[in-house]
Amino acid sequence: MSTLPADPASATEPDTPRTTVTCVFAVTDAPPPDEAVSLTPGHDGGGPLRVLAAGPLHLIVQDVPAADFGEEALAERLNRPQELERCARAHHRGVETAASAGPVVPLPMATLYLDDHNAVRAVTARAASLRTLLDRLRHRTEWAVKVHGPAIAGTTGAAGDGPADGRSYLRRVSERRRTEREERERAVARAHAVDRELRRYAVAATRHRPQSEQLTGRSVPQLLNAAYLVDDARRAEFVRAVGELARDAHRSAVEVTLSGPWIPYSFARSDEAERDTHEEVGV
């Protein structure tokens, strides 16, 4: 659960029970029609999504049950995989609807305020930086590129071949490990080369932590898990470049995959601590 900076006024409000709290999905400066927003399913048990004005900005919000979205109740729900997926899907629907009319800053899942007043005050306090960020994201989308390396055989089979004396065995094991290390280094170098080339087409890029084989469901390591912020006008160039890199990498048993375009979640962060996680690149 996350919130924008707290509103000082909330500390002075009476401690009265609340039946609902305000959940904010996203901030935009070009809100979609109210009717389209209200028809988008939000979190279970909440009211219809709606647009809430905050000066020149607009929030996509939903009234959600306070009992289900209190800190302890929400933390318990999000610890259950099915509930986490359900909440994540609802959040993305809200963000996606907000993005249908223009650039959008998605907020963290379960960004909650006591009421509309607190939500508006918090966003208004950050209006300048949010407007700058919206301008930066305008007519740009996120593309995800992953590089998976070749499967590398273990040492057992190689070590069992040839003479059985201990010295020969250890030499074969050492040679096999050196070969595996060199293959791994070459694959990593190819992944870095893919990243360097694709940054030429992007205005910003970031590397996420590679996913484990358990998460990817694949038996080969993930060498690159990157996102690129690309001008929509250069979309065809970028996609073509990925295709060429994928064909070249395939000859070396390295696989390059592309997905997108996505709402730029990876680049919709304006605070300095978050900004350091990605790099502006020249075009």
# chains A, B, ... in the order shown; residues from 1 in each chain; ligands from 1
>>> residues_around(residues="segment 105-109 of chain A", least_positions_apart="4", cutoff="7 Å", atoms="only C-alpha atoms", output="list in words")
Met1, Ser2, Phe25, Ala26, Val27, Thr28, Ala88, His91, Val95, Leu134, Tyr265 and Ala268 of chain A
>>> write_last_selection(atoms="N, CA and C atoms", output="compact mmCIF listing (two decimals), in the first residue's frame")
# COMPACT_ATOMS: atom_id res chain seq x y z
N MET A 1 0.85 -1.19 0.00
CA MET A 1 0.00 0.00 0.00
C MET A 1 0.88 1.23 0.00
N SER A 2 0.46 2.28 -0.70
CA SER A 2 1.28 3.46 -0.81
C SER A 2 0.40 4.68 -0.88
N PHE A 25 -5.84 5.93 -8.78
CA PHE A 25 -5.17 5.06 -9.74
C PHE A 25 -4.09 5.79 -10.53
N ALA A 26 -4.40 7.01 -10.97
CA ALA A 26 -3.49 7.70 -11.89
C ALA A 26 -3.80 9.18 -11.92
N VAL A 27 -2.82 9.93 -12.44
CA VAL A 27 -2.95 11.37 -12.65
C VAL A 27 -2.79 11.64 -14.14
N THR A 28 -3.64 12.52 -14.67
CA THR A 28 -3.57 12.86 -16.09
C THR A 28 -3.95 14.32 -16.27
N ALA A 88 -4.09 -6.09 -8.63
CA ALA A 88 -3.20 -5.57 -9.66
C ALA A 88 -3.96 -5.36 -10.97
N HIS A 91 -6.16 -2.32 -10.66
CA HIS A 91 -5.34 -1.10 -10.73
C HIS A 91 -4.95 -0.80 -12.17
N VAL A 95 -5.61 2.56 -14.60
CA VAL A 95 -4.52 3.29 -15.25
C VAL A 95 -4.72 3.28 -16.77
N LEU A 134 4.26 14.54 -17.02
CA LEU A 134 3.26 14.26 -18.06
C LEU A 134 3.74 14.76 -19.42
N TYR A 265 5.07 2.67 -17.14
CA TYR A 265 5.19 2.52 -15.69
C TYR A 265 6.63 2.74 -15.22
N ALA A 268 7.42 6.61 -15.11
CA ALA A 268 6.43 7.55 -14.57
C ALA A 268 6.69 7.83 -13.10
>>> select_by_dssp(residues="segment 178-230 of chain A", states="strand (DSSP E or B)", output="count of residues only")
13
>>> closest_atom_pairs(of="segment 87-175 of chain A", to="segment 245-262 of chain A", cutoff="6 Å", atoms="only C-alpha atoms", output="JSON lines")
{"residue": "A:Thr141", "atom": "CA", "partner": "A:Pro261", "partner_atom": "CA", "distance": 5.8}
{"residue": "A:Glu142", "atom": "CA", "partner": "A:Trp262", "partner_atom": "CA", "distance": 4.9}
{"residue": "A:Trp143", "atom": "CA", "partner": "A:Gly260", "partner_atom": "CA", "distance": 4.8}
{"residue": "A:Ala144", "atom": "CA", "partner": "A:Ser259", "partner_atom": "CA", "distance": 5.2}
{"residue": "A:Val145", "atom": "CA", "partner": "A:Leu258", "partner_atom": "CA", "distance": 4.7}
{"residue": "A:Lys146", "atom": "CA", "partner": "A:Thr257", "partner_atom": "CA", "distance": 5.3}
{"residue": "A:Val147", "atom": "CA", "partner": "A:Val256", "partner_atom": "CA", "distance": 4.6}
{"residue": "A:His148", "atom": "CA", "partner": "A:Glu255", "partner_atom": "CA", "distance": 5.2}
{"residue": "A:Gly149", "atom": "CA", "partner": "A:Val254", "partner_atom": "CA", "distance": 4.9}
{"residue": "A:Pro150", "atom": "CA", "partner": "A:Ala253", "partner_atom": "CA", "distance": 5.4}
>>> write_last_selection(atoms="N, CA and C atoms", output="JSON list (two decimals), in the first residue's frame")
[["chain", "number", "residue", "atom", "x", "y", "z"],
["A", 141, "THR", "N", 5.89, 5.79, -25.41],
["A", 141, "THR", "CA", 5.42, 4.56, -24.78],
["A", 141, "THR", "C", 6.62, 3.72, -24.36],
["A", 142, "GLU", "N", 6.34, 2.77, -23.51],
["A", 142, "GLU", "CA", 7.38, 1.87, -22.98],
["A", 142, "GLU", "C", 7.39, 0.57, -23.77],
["A", 143, "TRP", "N", 8.60, 0.08, -24.03],
["A", 143, "TRP", "CA", 8.79, -1.21, -24.68],
["A", 143, "TRP", "C", 9.72, -2.04, -23.80],
["A", 144, "ALA", "N", 9.40, -3.30, -23.64],
["A", 144, "ALA", "CA", 10.20, -4.20, -22.81],
["A", 144, "ALA", "C", 10.98, -5.17, -23.70],
["A", 145, "VAL", "N", 12.25, -5.32, -23.40],
["A", 145, "VAL", "CA", 13.11, -6.24, -24.14],
["A", 145, "VAL", "C", 13.81, -7.15, -23.14],
["A", 146, "LYS", "N", 13.74, -8.45, -23.42],
["A", 146, "LYS", "CA", 14.40, -9.44, -22.57],
["A", 146, "LYS", "C", 15.35, -10.27, -23.42],
["A", 147, "VAL", "N", 16.48, -10.59, -22.84],
["A", 147, "VAL", "CA", 17.46, -11.44, -23.51],
["A", 147, "VAL", "C", 17.72, -12.65, -22.63],
["A", 148, "HIS", "N", 17.57, -13.83, -23.21],
["A", 148, "HIS", "CA", 17.84, -15.07, -22.49],
["A", 148, "HIS", "C", 19.05, -15.76, -23.12],
["A", 149, "GLY", "N", 19.90, -16.25, -22.24],
["A", 149, "GLY", "CA", 21.14, -16.86, -22.71],
["A", 149, "GLY", "C", 20.99, -18.34, -23.01],
["A", 150, "PRO", "N", 21.97, -18.92, -23.64],
["A", 150, "PRO", "CA", 21.90, -20.35, -23.98],
["A", 150, "PRO", "C", 22.03, -21.21, -22.74]]
>>> select_by_dssp(residues="segment 69-141 of chain A", states="helix (DSSP H, G or I)", output="PyMOL selection string")
chain A and resi 69+71-78+81-98+116-125+127-137
>>> residues_around(residues="Val64 of chain A", least_positions_apart="5", cutoff="6 Å", atoms="only C-alpha atoms", output="list in words")
Thr20, Val21 and Gly46 of chain A
>>> residues_around(residues="Asp68 of chain A", least_positions_apart="2", cutoff="10 Å", atoms="only C-alpha atoms", output="NGL selection string")
:A and (19-21 or 44-46 or 64-66 or 70-77)
>>> residues_around(residues="Leu52 of chain A", least_positions_apart="5", cutoff="10 Å", atoms="only C-alpha atoms", output="NGL selection string")
:A and (24 or 27 or 31 or 34 or 57-62 or 116-117 or 119-120)
>>> atom_distance(atom1="atom CA of Glu83 of chain A", atom2="atom CA of Ala227 of chain A")
26.9 Å
